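*Asks:* Got my_file_5.txt for you, compact mmCIF, C-alpha atoms and all ligand atoms:
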```
# COMPACT_ATOMS: atom_id res chain seq x y z
CA MET A 1 -35.09 253.72 19.38
CA SER A 2 -35.45 254.93 15.78
CA ILE A 3 -34.40 252.65 12.92
CA ASN A 4 -31.55 255.05 11.99
CA ALA A 5 -30.30 255.08 15.59
CA ALA A 6 -30.49 251.29 15.82
CA LEU A 7 -28.56 250.91 12.56
CA PHE A 8 -25.96 253.40 13.75
CA GLU A 9 -25.51 251.50 16.98
CA ARG A 10 -25.17 248.22 15.09
CA ALA A 11 -22.77 249.81 12.55
CA GLN A 12 -20.48 251.01 15.32
CA ARG A 13 -19.94 247.43 16.47
CA SER A 14 -18.51 246.28 13.13
CA ILE A 15 -17.21 249.49 11.50
CA PRO A 16 -15.00 252.09 13.26
CA GLY A 17 -17.29 254.97 14.14
CA GLY A 18 -20.06 253.23 12.21
CA VAL A 19 -19.04 254.79 8.89
CA ASN A 20 -16.65 254.22 6.00
CA SER A 21 -15.81 257.91 5.58
CA PRO A 22 -15.73 260.20 8.65
CA VAL A 23 -18.04 263.08 7.63
CA ARG A 24 -20.95 260.63 7.33
CA ALA A 25 -20.99 260.16 11.11
CA PHE A 26 -22.55 263.64 11.70
CA LYS A 27 -19.81 264.37 14.26
CA ALA A 28 -19.61 268.05 13.27
CA VAL A 29 -23.36 268.66 13.55
CA GLY A 30 -24.29 266.08 16.18
CA GLY A 31 -27.29 263.76 16.04
CA THR A 32 -27.92 260.48 14.27
CA PRO A 33 -26.76 259.89 10.70
CA ARG A 34 -29.50 258.86 8.29
CA PHE A 35 -28.98 255.43 6.76
CA ILE A 36 -29.98 255.79 3.13
CA ALA A 37 -32.09 253.02 1.67
CA LYS A 38 -32.55 254.35 -1.86
CA ALA A 39 -32.37 257.44 -4.02
CA HIS A 40 -34.11 258.58 -7.15
CA GLY A 41 -33.78 261.86 -9.04
CA ALA A 42 -33.28 264.68 -6.53
CA TYR A 43 -34.45 262.63 -3.54
CA MET A 44 -33.06 260.13 -1.07
CA TRP A 45 -35.08 257.99 1.34
CA ASP A 46 -33.68 256.82 4.64
CA ALA A 47 -34.23 253.48 6.37
CA GLU A 48 -37.38 254.92 8.01
CA GLY A 49 -38.92 255.87 4.68
CA GLN A 50 -38.37 259.61 5.27
CA ARG A 51 -37.74 261.51 2.02
CA TYR A 52 -35.05 264.19 1.68
CA ILE A 53 -34.23 266.65 -1.09
CA ASP A 54 -30.57 265.76 -1.64
CA TYR A 55 -28.05 268.63 -1.84
CA ILE A 56 -25.01 266.39 -1.37
CA GLY A 57 -25.36 264.19 -4.43
CA SER A 58 -22.76 261.77 -3.04
CA TRP A 59 -20.48 264.83 -2.51
CA GLY A 60 -20.69 265.87 -6.14
CA PRO A 61 -20.84 262.94 -8.57
CA MET A 62 -24.64 262.82 -9.00
CA ILE A 63 -24.90 265.84 -11.30
CA LEU A 64 -27.80 264.20 -13.18
CA GLY A 65 -29.56 263.18 -9.99
CA HIS A 66 -29.90 259.57 -8.90
CA GLY A 67 -30.75 256.81 -11.36
CA HIS A 68 -30.78 258.84 -14.56
CA PRO A 69 -32.35 256.45 -17.14
CA GLU A 70 -29.55 256.73 -19.73
CA VAL A 71 -26.86 256.16 -17.11
CA LEU A 72 -28.74 253.23 -15.61
CA GLU A 73 -29.10 251.63 -19.01
CA ALA A 74 -25.38 252.04 -19.79
CA VAL A 75 -24.39 250.55 -16.44
CA GLN A 76 -26.78 247.59 -16.75
CA LYS A 77 -25.56 246.86 -20.25
CA ALA A 78 -21.89 247.06 -19.22
CA ALA A 79 -22.47 244.83 -16.18
CA LEU A 80 -23.88 242.08 -18.39
CA ASP A 81 -20.62 242.07 -20.34
CA GLY A 82 -18.46 241.58 -17.25
CA PHE A 83 -17.37 243.51 -14.15
CA SER A 84 -13.62 243.68 -14.52
CA PHE A 85 -11.02 242.19 -16.85
CA GLY A 86 -7.62 243.54 -15.81
CA ALA A 87 -7.00 244.15 -19.50
CA PRO A 88 -7.59 247.19 -21.73
CA THR A 89 -11.05 247.96 -23.14
CA GLU A 90 -12.36 250.23 -25.87
CA ARG A 91 -14.60 252.04 -23.39
CA GLU A 92 -11.58 253.34 -21.42
CA VAL A 93 -10.27 254.87 -24.64
CA GLU A 94 -13.67 256.44 -25.33
CA LEU A 95 -13.79 257.97 -21.84
CA ALA A 96 -10.20 259.25 -22.15
CA GLU A 97 -11.06 260.83 -25.53
CA GLU A 98 -14.20 262.39 -24.07
CA ILE A 99 -12.27 263.93 -21.14
CA LEU A 100 -9.53 265.28 -23.42
CA LYS A 101 -12.10 266.80 -25.75
CA LEU A 102 -13.61 268.75 -22.85
CA VAL A 103 -10.30 269.72 -21.19
CA PRO A 104 -8.05 271.42 -23.77
CA SER A 105 -5.11 271.74 -21.33
CA ALA A 106 -4.75 267.94 -21.29
CA GLU A 107 -3.30 265.76 -24.06
CA GLN A 108 -3.33 262.47 -22.19
CA VAL A 109 -5.16 261.11 -19.19
CA ARG A 110 -4.75 258.13 -16.88
CA LEU A 111 -7.78 256.63 -15.14
CA VAL A 112 -7.71 255.54 -11.49
CA SER A 113 -10.38 254.67 -8.91
CA SER A 114 -10.47 257.56 -6.41
CA GLY A 115 -9.62 261.24 -6.14
CA THR A 116 -7.09 260.41 -3.45
CA GLU A 117 -5.25 258.12 -5.82
CA ALA A 118 -5.40 260.64 -8.66
CA ALA A 119 -4.01 263.53 -6.55
CA MET A 120 -1.30 261.33 -5.04
CA SER A 121 -0.27 260.11 -8.50
CA ALA A 122 -0.24 263.63 -9.96
CA ILE A 123 2.18 264.72 -7.25
CA ARG A 124 4.44 261.74 -7.88
CA LEU A 125 4.38 262.58 -11.58
CA ALA A 126 5.19 266.26 -10.93
CA ARG A 127 8.09 265.23 -8.71
CA GLY A 128 9.31 262.72 -11.29
CA PHE A 129 9.09 265.29 -14.08
CA THR A 130 10.84 268.13 -12.23
CA GLY A 131 13.26 266.01 -10.20
CA ARG A 132 12.25 268.14 -7.19
CA SER A 133 10.62 267.18 -3.89
CA LYS A 134 8.81 270.19 -2.43
CA LEU A 135 5.15 270.93 -2.97
CA ILE A 136 2.87 273.80 -2.04
CA LYS A 137 -0.72 273.34 -0.97
CA PHE A 138 -3.22 275.75 0.57
CA GLU A 139 -4.87 275.62 3.94
CA GLY A 140 -8.47 274.42 3.66
CA CYS A 141 -7.96 272.63 0.32
CA TYR A 142 -8.50 268.88 0.44
CA HIS A 143 -6.77 266.60 -2.04
CA GLY A 144 -7.61 263.21 -0.57
CA HIS A 145 -5.83 261.41 2.22
CA ALA A 146 -2.37 260.64 0.85
CA ASP A 147 0.26 261.02 3.61
CA ALA A 148 2.09 264.02 2.13
CA LEU A 149 -1.19 265.98 1.91
CA LEU A 150 -2.41 265.50 5.48
CA VAL A 151 -0.57 268.53 6.70
CA LYS A 152 -1.14 271.90 8.33
CA ALA A 153 0.97 275.03 8.19
CA GLY A 154 4.24 275.20 10.10
CA SER A 155 5.06 278.01 12.53
CA GLY A 156 6.65 280.29 9.95
CA LEU A 157 5.92 280.88 6.29
CA ALA A 158 8.94 279.00 4.96
CA THR A 159 8.75 276.24 7.54
CA PHE A 160 7.30 273.03 6.28
CA GLY A 161 4.15 271.50 7.65
CA HIS A 162 3.07 269.28 10.51
CA PRO A 163 1.00 266.12 9.98
CA THR A 164 -2.72 266.56 10.71
CA SER A 165 -3.21 262.82 11.15
CA ALA A 166 -1.60 260.36 13.48
CA GLY A 167 0.34 257.75 11.56
CA VAL A 168 1.94 260.23 9.19
CA PRO A 169 5.68 260.50 9.95
CA PRO A 170 6.92 264.12 10.09
CA GLU A 171 9.56 263.25 7.46
CA VAL A 172 6.78 262.48 4.98
CA VAL A 173 5.34 266.01 5.18
CA GLN A 174 8.67 267.79 5.47
CA HIS A 175 8.47 268.71 1.79
CA THR A 176 4.93 270.10 1.96
CA LEU A 177 4.53 273.85 2.40
CA VAL A 178 1.04 275.02 3.41
CA LEU A 179 0.08 278.59 2.49
CA GLU A 180 -3.00 280.79 2.84
CA TYR A 181 -5.51 280.64 -0.02
CA ASN A 182 -5.77 283.86 -2.06
CA ASN A 183 -2.65 285.32 -0.40
CA VAL A 184 -0.42 286.67 -3.20
CA GLU A 185 2.32 287.88 -0.83
CA GLN A 186 2.78 284.44 0.67
CA ILE A 187 3.22 282.67 -2.66
CA GLU A 188 5.66 285.37 -3.78
CA GLN A 189 7.71 284.98 -0.63
CA ALA A 190 7.65 281.16 -0.81
CA PHE A 191 8.85 281.15 -4.42
CA ALA A 192 11.50 283.77 -3.60
CA GLU A 193 12.85 281.53 -0.85
CA VAL A 194 12.56 278.00 -2.28
CA GLY A 195 11.23 278.45 -5.85
CA GLY A 196 13.97 276.30 -7.41
CA GLU A 197 13.02 273.33 -5.21
CA ILE A 198 9.27 273.31 -5.81
CA ALA A 199 7.94 270.41 -7.90
CA CYS A 200 4.34 271.59 -7.95
CA VAL A 201 1.64 273.78 -6.49
CA MET A 202 -1.63 271.93 -5.96
CA ILE A 203 -4.85 273.91 -5.61
CA GLU A 204 -8.60 273.53 -5.63
CA PRO A 205 -9.35 276.45 -8.00
CA ILE A 206 -12.84 276.75 -6.56
CA ALA A 207 -12.40 275.26 -3.12
CA GLY A 208 -15.27 273.03 -2.03
CA ASN A 209 -13.73 271.54 1.07
CA MET A 210 -13.82 274.78 3.06
CA ASN A 211 -17.43 275.44 2.09
CA PHE A 212 -17.21 277.40 -1.20
CA VAL A 213 -14.30 279.79 -1.78
CA ARG A 214 -13.02 280.99 -5.15
CA ALA A 215 -9.37 281.62 -5.89
CA SER A 216 -9.34 285.22 -7.17
CA ALA A 217 -8.23 285.81 -10.78
CA PRO A 218 -5.25 288.01 -9.75
CA PHE A 219 -4.10 285.31 -7.30
CA MET A 220 -4.40 282.59 -9.95
CA LYS A 221 -2.62 284.74 -12.53
CA ARG A 222 0.30 285.33 -10.17
CA LEU A 223 0.41 281.63 -9.24
CA ARG A 224 0.61 280.69 -12.93
CA GLU A 225 3.40 283.24 -13.53
CA LEU A 226 5.45 282.06 -10.56
CA CYS A 227 5.11 278.38 -11.47
CA THR A 228 6.20 279.07 -15.05
CA GLN A 229 9.07 281.31 -13.98
CA HIS A 230 10.43 278.75 -11.49
CA GLY A 231 9.72 275.58 -13.49
CA ALA A 232 7.14 274.22 -11.03
CA LEU A 233 3.97 272.52 -12.27
CA LEU A 234 0.59 274.05 -11.47
CA VAL A 235 -1.74 271.19 -10.56
CA PHE A 236 -5.49 271.89 -10.60
CA ASP A 237 -7.39 269.58 -8.30
CA GLU A 238 -10.73 269.57 -10.10
CA VAL A 239 -12.02 266.41 -8.44
CA MET A 240 -14.97 268.48 -7.23
CA SER A 241 -15.08 271.42 -9.66
CA GLY A 242 -14.42 269.42 -12.84
CA PHE A 243 -17.52 268.98 -15.06
CA ARG A 244 -19.47 270.53 -12.16
CA VAL A 245 -18.88 274.31 -12.17
CA ALA A 246 -18.71 274.34 -16.00
CA LEU A 247 -18.32 271.78 -18.77
CA GLY A 248 -14.59 272.57 -19.01
CA GLY A 249 -14.16 272.78 -15.23
CA ALA A 250 -12.87 275.75 -13.24
CA GLN A 251 -9.89 276.02 -15.58
CA SER A 252 -12.23 277.09 -18.41
CA LEU A 253 -13.46 279.94 -16.20
CA TYR A 254 -9.93 281.17 -15.41
CA ALA A 255 -9.06 280.93 -19.12
CA GLN A 256 -11.87 283.44 -19.76
CA GLN A 257 -10.36 285.89 -17.26
CA ILE A 258 -6.63 285.26 -17.79
CA PRO A 259 -5.60 285.14 -21.47
CA GLY A 260 -3.92 281.84 -22.37
CA PHE A 261 -4.38 280.39 -18.90
CA VAL A 262 -3.89 276.62 -18.52
CA PRO A 263 -2.84 274.48 -15.55
CA ASP A 264 -0.05 271.94 -16.15
CA LEU A 265 -1.78 268.94 -14.64
CA SER A 266 -5.44 268.37 -13.75
CA VAL A 267 -6.99 265.93 -11.34
CA PHE A 268 -10.57 264.73 -11.80
CA GLY A 269 -13.00 262.47 -9.95
CA LYS A 270 -16.59 262.63 -8.68
CA VAL A 271 -18.63 263.65 -11.79
CA ILE A 272 -16.43 261.67 -14.23
CA GLY A 273 -17.53 258.47 -12.51
CA GLY A 274 -21.19 259.47 -12.26
CA GLY A 275 -21.34 257.77 -8.84
CA MET A 276 -18.97 254.85 -9.58
CA PRO A 277 -15.37 254.67 -8.30
CA LEU A 278 -13.51 256.50 -11.04
CA ALA A 279 -11.01 259.35 -11.11
CA ALA A 280 -8.24 260.57 -13.38
CA PHE A 281 -5.20 262.78 -13.77
CA ALA A 282 -4.26 264.44 -17.01
CA GLY A 283 -1.73 266.73 -18.61
CA PRO A 284 0.58 267.37 -21.56
CA ALA A 285 1.87 264.28 -23.39
CA LYS A 286 5.49 265.14 -22.57
CA VAL A 287 4.71 264.96 -18.83
CA MET A 288 2.34 261.99 -19.00
CA ALA A 289 4.98 260.04 -20.97
CA LEU A 290 6.95 259.71 -17.73
CA LEU A 291 4.36 257.27 -16.39
CA ALA A 292 4.94 253.52 -16.44
CA PRO A 293 5.02 251.60 -18.77
CA LEU A 294 6.59 254.39 -20.89
CA GLY A 295 8.62 256.09 -18.20
CA PRO A 296 10.12 255.77 -14.73
CA VAL A 297 7.18 257.08 -12.62
CA TYR A 298 5.31 254.03 -11.31
CA GLN A 299 1.52 254.01 -11.07
CA ALA A 300 -0.98 251.13 -11.41
CA GLY A 301 -4.41 249.82 -10.37
CA THR A 302 -6.25 246.48 -10.52
CA LEU A 303 -9.63 248.18 -11.02
CA SER A 304 -8.38 251.25 -12.94
CA GLY A 305 -10.58 252.01 -15.95
CA ASN A 306 -13.17 249.52 -14.69
CA PRO A 307 -15.64 248.67 -17.49
CA VAL A 308 -18.80 249.34 -15.46
CA ALA A 309 -17.44 252.57 -13.95
CA THR A 310 -16.31 253.87 -17.34
CA ALA A 311 -19.77 253.12 -18.78
CA CYS A 312 -21.33 255.14 -15.95
CA GLY A 313 -18.90 258.04 -16.40
CA LEU A 314 -19.24 258.09 -20.16
CA ALA A 315 -23.04 258.15 -20.06
CA THR A 316 -22.91 260.97 -17.49
CA LEU A 317 -20.48 263.05 -19.58
CA LYS A 318 -22.68 262.58 -22.67
CA VAL A 319 -25.74 264.04 -20.94
CA ILE A 320 -23.98 267.08 -19.44
CA GLN A 321 -22.80 268.12 -22.91
CA ARG A 322 -26.32 268.70 -24.20
CA PRO A 323 -27.07 272.31 -25.16
CA GLY A 324 -28.25 274.42 -22.24
CA PHE A 325 -27.40 271.82 -19.57
CA PHE A 326 -25.06 274.01 -17.53
CA GLU A 327 -27.06 277.20 -18.09
CA SER A 328 -30.15 275.61 -16.61
CA LEU A 329 -28.23 273.91 -13.77
CA ALA A 330 -26.48 277.19 -12.91
CA GLN A 331 -29.74 279.12 -13.01
CA ARG A 332 -31.44 276.72 -10.57
CA THR A 333 -28.42 276.73 -8.27
CA GLN A 334 -28.41 280.54 -8.29
CA SER A 335 -32.08 280.69 -7.49
CA LEU A 336 -31.49 278.37 -4.52
CA VAL A 337 -28.72 280.59 -3.15
CA GLN A 338 -30.75 283.77 -3.77
CA GLY A 339 -33.70 282.14 -2.06
CA LEU A 340 -31.64 281.23 1.00
CA VAL A 341 -30.17 284.73 1.22
CA GLY A 342 -33.63 286.26 0.85
CA ALA A 343 -35.12 284.01 3.53
CA ALA A 344 -32.28 284.96 5.88
CA GLN A 345 -32.83 288.67 5.23
CA GLN A 346 -36.50 288.31 6.11
CA ALA A 347 -35.54 286.54 9.33
CA GLY A 348 -32.86 289.14 10.13
CA VAL A 349 -30.08 286.54 10.01
CA PRO A 350 -26.78 287.51 8.34
CA LEU A 351 -26.17 285.07 5.48
CA VAL A 352 -24.19 285.28 2.24
CA GLY A 353 -23.85 282.74 -0.54
CA ASP A 354 -22.15 282.03 -3.83
CA SER A 355 -22.43 279.46 -6.60
CA GLN A 356 -20.91 278.40 -9.89
CA GLY A 357 -22.58 275.90 -12.18
CA GLY A 358 -24.12 273.25 -9.95
CA MET A 359 -21.97 273.92 -6.87
CA PHE A 360 -22.84 276.35 -4.07
CA GLY A 361 -21.96 277.49 -0.59
CA PHE A 362 -23.43 279.78 2.06
CA PHE A 363 -22.06 281.32 5.23
CA PHE A 364 -23.67 282.82 8.29
CA ALA A 365 -21.59 285.97 7.81
CA ASP A 366 -21.75 289.47 6.31
CA SER A 367 -19.28 288.85 3.49
CA LEU A 368 -17.80 285.92 1.57
CA PRO A 369 -14.60 284.62 3.21
CA GLN A 370 -11.45 284.42 1.07
CA HIS A 371 -9.48 281.79 2.97
CA TYR A 372 -9.73 278.99 5.53
CA GLN A 373 -9.20 281.04 8.72
CA ALA A 374 -11.99 283.38 7.65
CA VAL A 375 -14.31 280.43 6.94
CA MET A 376 -13.63 278.93 10.35
CA ALA A 377 -13.87 282.28 12.18
CA HIS A 378 -17.66 281.96 12.14
CA GLY A 379 -18.64 279.43 14.77
CA SER A 380 -20.49 276.34 13.60
CA ASP A 381 -23.30 276.76 16.11
CA LYS A 382 -25.71 278.60 13.77
CA PHE A 383 -24.96 276.24 10.90
CA ASN A 384 -25.52 273.15 13.02
CA ARG A 385 -28.91 274.37 14.23
CA PHE A 386 -29.87 275.28 10.67
CA PHE A 387 -28.69 271.88 9.38
CA HIS A 388 -30.92 269.97 11.81
CA ALA A 389 -33.90 272.27 11.26
CA MET A 390 -33.59 271.62 7.51
CA LEU A 391 -33.11 267.87 7.95
CA GLU A 392 -36.30 267.74 10.03
CA ARG A 393 -38.04 269.48 7.13
CA GLY A 394 -36.80 266.92 4.60
CA VAL A 395 -33.82 268.83 3.19
CA TYR A 396 -30.45 267.07 3.29
CA LEU A 397 -27.55 269.56 3.35
CA ALA A 398 -23.91 268.58 3.90
CA PRO A 399 -23.49 267.74 7.61
CA ALA A 400 -20.65 270.25 8.23
CA MET A 401 -20.33 273.97 7.57
CA TYR A 402 -17.00 273.53 5.75
CA GLU A 403 -18.52 271.55 2.87
CA ALA A 404 -19.94 272.83 -0.41
CA GLY A 405 -23.40 271.86 -1.64
CA PHE A 406 -24.57 270.46 -4.97
CA VAL A 407 -27.65 270.86 -7.12
CA SER A 408 -28.43 268.28 -9.82
CA ALA A 409 -30.29 268.41 -13.10
CA ALA A 410 -33.08 266.45 -11.40
CA HIS A 411 -33.87 269.28 -8.94
CA THR A 412 -37.01 271.06 -10.13
CA ASP A 413 -38.04 274.66 -9.53
CA GLN A 414 -40.57 273.21 -7.08
CA ASP A 415 -37.77 271.44 -5.14
CA ILE A 416 -35.89 274.75 -4.90
CA ALA A 417 -39.05 276.58 -3.79
CA ASP A 418 -39.76 273.89 -1.15
CA THR A 419 -36.18 274.17 0.10
CA VAL A 420 -36.40 277.96 0.35
CA SER A 421 -39.65 277.80 2.29
CA ALA A 422 -38.16 275.19 4.64
CA ALA A 423 -35.22 277.58 5.12
CA ALA A 424 -37.57 280.49 5.86
CA GLN A 425 -39.20 278.45 8.64
CA ALA A 426 -35.85 277.15 9.94
CA LEU A 427 -34.28 280.61 10.01
CA SER A 428 -37.18 282.27 11.80
C1 LIG B 1 -13.36 264.44 -2.94
C2 LIG B 1 -12.08 265.11 -3.24
C3 LIG B 1 -10.85 264.42 -3.31
C4 LIG B 1 -10.73 262.98 -2.91
O1 LIG B 1 -11.45 262.14 -3.73
P1 LIG B 1 -11.86 260.66 -3.17
O2 LIG B 1 -12.49 260.03 -4.36
O3 LIG B 1 -12.77 260.89 -2.01
O4 LIG B 1 -10.58 260.02 -2.77
C5 LIG B 1 -9.74 265.09 -3.73
N1 LIG B 1 -9.79 266.40 -4.04
C6 LIG B 1 -10.92 267.11 -3.99
C7 LIG B 1 -10.93 268.54 -4.38
C8 LIG B 1 -12.10 266.50 -3.56
O5 LIG B 1 -13.22 267.23 -3.45
```
In structure tokens, write the structure found in this file.
Ligand SMILES: *Cc1c(COP(=O)(O)O)cnc(C)c1O
*Replies:*
Amino acid sequence: MSINAALFERAQRSIPGGVNSPVRAFKAVGGTPRFIAKAHGAYMWDAEGQRYIDYIGSWGPMILGHGHPEVLEAVQKAALDGFSFGAPTEREVELAEEILKLVPSAEQVRLVSSGTEAAMSAIRLARGFTGRSKLIKFEGCYHGHADALLVKAGSGLATFGHPTSAGVPPEVVQHTLVLEYNNVEQIEQAFAEVGGEIACVMIEPIAGNMNFVRASAPFMKRLRELCTQHGALLVFDEVMSGFRVALGGAQSLYAQQIPGFVPDLSVFGKVIGGGMPLAAFAGPAKVMALLAPLGPVYQAGTLSGNPVATACGLATLKVIQRPGFFESLAQRTQSLVQGLVGAAQQAGVPLVGDSQGGMFGFFFADSLPQHYQAVMAHGSDKFNRFFHAMLERGVYLAPAMYEAGFVSAAHTDQDIADTVSAAAQALS
């Protein structure tokens, strides 16, 4: 038995399914998960010493690659001064100021430890601010695993959702309405029917949890108008897209296309922690003032604003602000996607792809899907075969076709070229 297989067998005895987050188990693609022993730059090594070019980057945080020297130094220095105090620190203030500088829509920010916590808290805040209960989300968008968000569409448009997880009481999701991504008619109808009861609309502006799907500018514009008109808050879940698709997140891209565009609340995670448990939610001071200890909306965390995590996040945010950082990351990501599409053309396999900043997706299809049903309409069989063929060739893609991919600043042109030639072999 291989070392990875032996570890997986052992893991399954002490940990449910052998993993601490389900996608790591390779259930969607089959086969044995690789147990990672170490990572450096653009590479990870498994327990058998096999090297992989890493296109997951811990699902987004590792935008600088693994073990960036400046980040390592900041973390080591912070660790020497103590792991956690349960009291305020100057570094939390510095990180908050840094986030607010880069995200003009936000005047205040609260730090938490995971994207799940941040999204859950943002919804509580939106409900507290509006005094309303209902929320709209979109099929295929993931906002963490809070009860009210584990929901699929009901039978009719205005019917509220059904839980997608056991253990979630139907009453908990009765206020959650699930609509189709990029469908203007559906949001218009939903607001026409229950607009006055909607606390917030939560959306991944560039969805990375159904592969890679952009919300169209006309859809986003209409969503903004409807939220404003009906007094609902527009909540951008930028846990994945924030500081990843552009320095100012996806919202900076919509602001370029829609004059004056801003979301009401924003949710961040992944890159802002640089690989440490750190996330945040942010918005206008008048909304954020409702949070405890100032206001009646309760929210707290023993490890929130952790001194080592904030050091890691701060060092990461410093590096990504250097001139040309995003241009060069975007250019390498584009050349990867173009290379994959080219290799597929040569092999006569239909494949399309898209990218923004350091985030990308590709589909075994003739055109880019616009919503979840269209993403899932293409069977996973081709993707799964491709995934394993790439893994065998030392390229680690996300182990499910409904996940986005990530390029880091540590990926070289040679890494991209090696990946494309592995893809050419795999596809033929
Ligand atoms: C990863 C992710 C989350 C959840 O973050 P965790 O830190 O895993 O809890 C929420 N929203 C989006 C868009 C994400 O990609």
*Asks:* Counting all atoms listed in the file, which protein, DNA or RNA residues come within 8 Å of ligand LIG 1 (chain B), given as a list in words?
*Replies:*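 Based on all atoms listed in the file, ligand LIG 1 (chain B) is surrounded within 8 Å by Trp59, Ser113, Ser114, Gly115, Thr116, Glu117, Ala118, Ala119, Cys141, Tyr142, His143, Gly144, His145, Glu204, Ala207, Gly208, Asn209, Asp237, Glu238, Val239, Met240, Ser241, Val267, Phe268, Gly269, Lys270, Pro277, Leu278 and Ala279 of chain A.
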*Asks:* Got a sec: who's within 12 Å of segment 292-294 of chain A, counting all atoms listed in the file, leaving out chain neighbours fewer than 5 positions off, as an NGL selection string?
*Replies:* :A and (110 or 121 or 124-125 or 128 or 285-287 or 299-301)
*Asks:* So how many Å separate atom CA of Ile272 of chain A and atom CA of Phe362 of chain A, to one decimal?
*Replies:*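 About the pair atom CA of Ile272 of chain A and atom CA of Phe362 of chain A: they are 25.3 Å apart.
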*Asks:* Give me the residues within 12 Å of Ile258 of chain A as a list of chain:residue names, counting all atoms listed in the file and dropping any in the same chain fewer than 6 places off.
*Replies:* A:Ser216, A:Ala217, A:Pro218, A:Phe219, A:Met220, A:Lys221, A:Arg222, A:Leu223, A:Arg224, A:Glu225, A:Gln251, A:Ser252
*Asks:* Please identify all polymer residues within 6 Å of segment 364-372 of chain A, counting all atoms listed in the file, omitting same-chain residues fewer than 5 positions from it, and present them as a ChimeraX atom specification.
*Replies:* /A:140,181,350-351
*Asks:* Just to be explicit: take each residue in the selection above, keep C-alpha atoms, and write the result as an mmCIF file, keeping the file's coordinate frame.
*Replies:*
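Result file again_9.cif:
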```cif
data_model
loop_
_atom_site.group_PDB
_atom_site.id
_atom_site.type_symbol
_atom_site.label_atom_id
_atom_site.label_comp_id
_atom_site.auth_asym_id
_atom_site.auth_seq_id
_atom_site.Cartn_x
_atom_site.Cartn_y
_atom_site.Cartn_z
ATOM 1 C CA GLY A 140 -8.470 274.420 3.660
ATOM 2 C CA TYR A 181 -5.510 280.640 -0.020
ATOM 3 C CA PRO A 350 -26.780 287.510 8.340
ATOM 4 C CA LEU A 351 -26.170 285.070 5.480
#
```
*Asks:* Assuming 4 Å of padding per side, give the centre and edge lengths of the axis-aligned box around every listed atom of segment 85-95 of chain A, in Å to one decimal and as lines of an AutoDock Vina configuration file.
*Replies:*
```
center_x = -10.8
center_y = 250.1
center_z = -20.8
size_x = 15.6
size_y = 23.8
size_z = 18.1
```
*Asks:* Could you please determine the separation between atom CA of Pro169 of chain A and atom CA of Ala153 of chain A in Å, to one decimal place?
*Replies:*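 The value is 15.4 Å.
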*Asks:* When you draw a straight line from atom CA of His175 of chain A to atom CA of Ile198 of chain A, how long is it in Å?
*Replies:*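 We find that atom CA of His175 of chain A and atom CA of Ile198 of chain A lie 8.9 Å from each other.
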*Asks:* Calculated over only C-alpha atoms, which of the candidates A:Leu329, A:Ile3, A:Ile206, A:Leu135 has the smallest distance to Gly242 of chain A?
*Replies:*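 Nearest to Gly242 of chain A: A:Ile206.
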*Asks:* Which residues are close to Leu95 of chain A, i.e. within 8 Å by only C-alpha atoms, leaving aside same-chain residues fewer than 3 positions away? Reply as a short mmCIF file (atom, residue, chain, number, x, y, z; two decimals) with C-alpha atoms, in the frame of the given file.
*Replies:*
```cif
data_model
loop_
_atom_site.label_atom_id
_atom_site.label_comp_id
_atom_site.auth_asym_id
_atom_site.auth_seq_id
_atom_site.Cartn_x
_atom_site.Cartn_y
_atom_site.Cartn_z
CA ARG A 91 -14.60 252.04 -23.39
CA GLU A 92 -11.58 253.34 -21.42
CA GLU A 98 -14.20 262.39 -24.07
CA ILE A 99 -12.27 263.93 -21.14
CA THR A 310 -16.31 253.87 -17.34
CA GLY A 313 -18.90 258.04 -16.40
CA LEU A 314 -19.24 258.09 -20.16
#
```
*Asks:* Of the candidates A:Met401, A:Leu72, A:Ala146, A:Val184, which shows the shortest atom-to-atom distance to Ser380 of chain A, using only C-alpha atoms?
*Replies:* A:Met401
*Asks:* Could you pull out every residue with an atom within 7 Å of (-31.5, 272.0, -14.6), file coordinates, counting all atoms listed in the file, and send them as a list in words?
*Replies:*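 Residues with an atom at most 7 Å from (-31.5, 272.0, -14.6): Phe325, Ser328, Leu329, Arg332, Ser408, Ala409, Ala410 and His411 of chain A.
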*Asks:* Would you mind telling me which residue in A:Val245, A:Ala400, A:Met390, A:Ile123 lies nearest to Thr333 of chain A when using all atoms listed in the file?
*Replies:*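 When distances to Thr333 of chain A are compared using all atoms listed in the file, the smallest one comes from A:Val245.
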*Asks:* Which of these, A:Gly324, A:Gly167, A:Gly361, A:Gly17, has the shortest distance to Val213 of chain A once you count only C-alpha atoms?
*Replies:* A:Gly361
*Asks:* Using only C-alpha atoms for the distances, tell me which of A:Glu90, A:Glu70, A:Glu185, A:Asp264 is nearest to Pro104 of chain A.
*Replies:*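 Using only C-alpha atoms, the shortest distance to Pro104 of chain A belongs to A:Asp264.
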*Asks:* So which one's closest to Glu403 of chain A, A:Phe35, A:Phe243, A:Phe363, A:Phe212? Using all atoms listed in the file, please.
*Replies:*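 Checking each of A:Phe35, A:Phe243, A:Phe363, A:Phe212 against Glu403 of chain A, counting all atoms listed in the file, the winner is A:Phe212.
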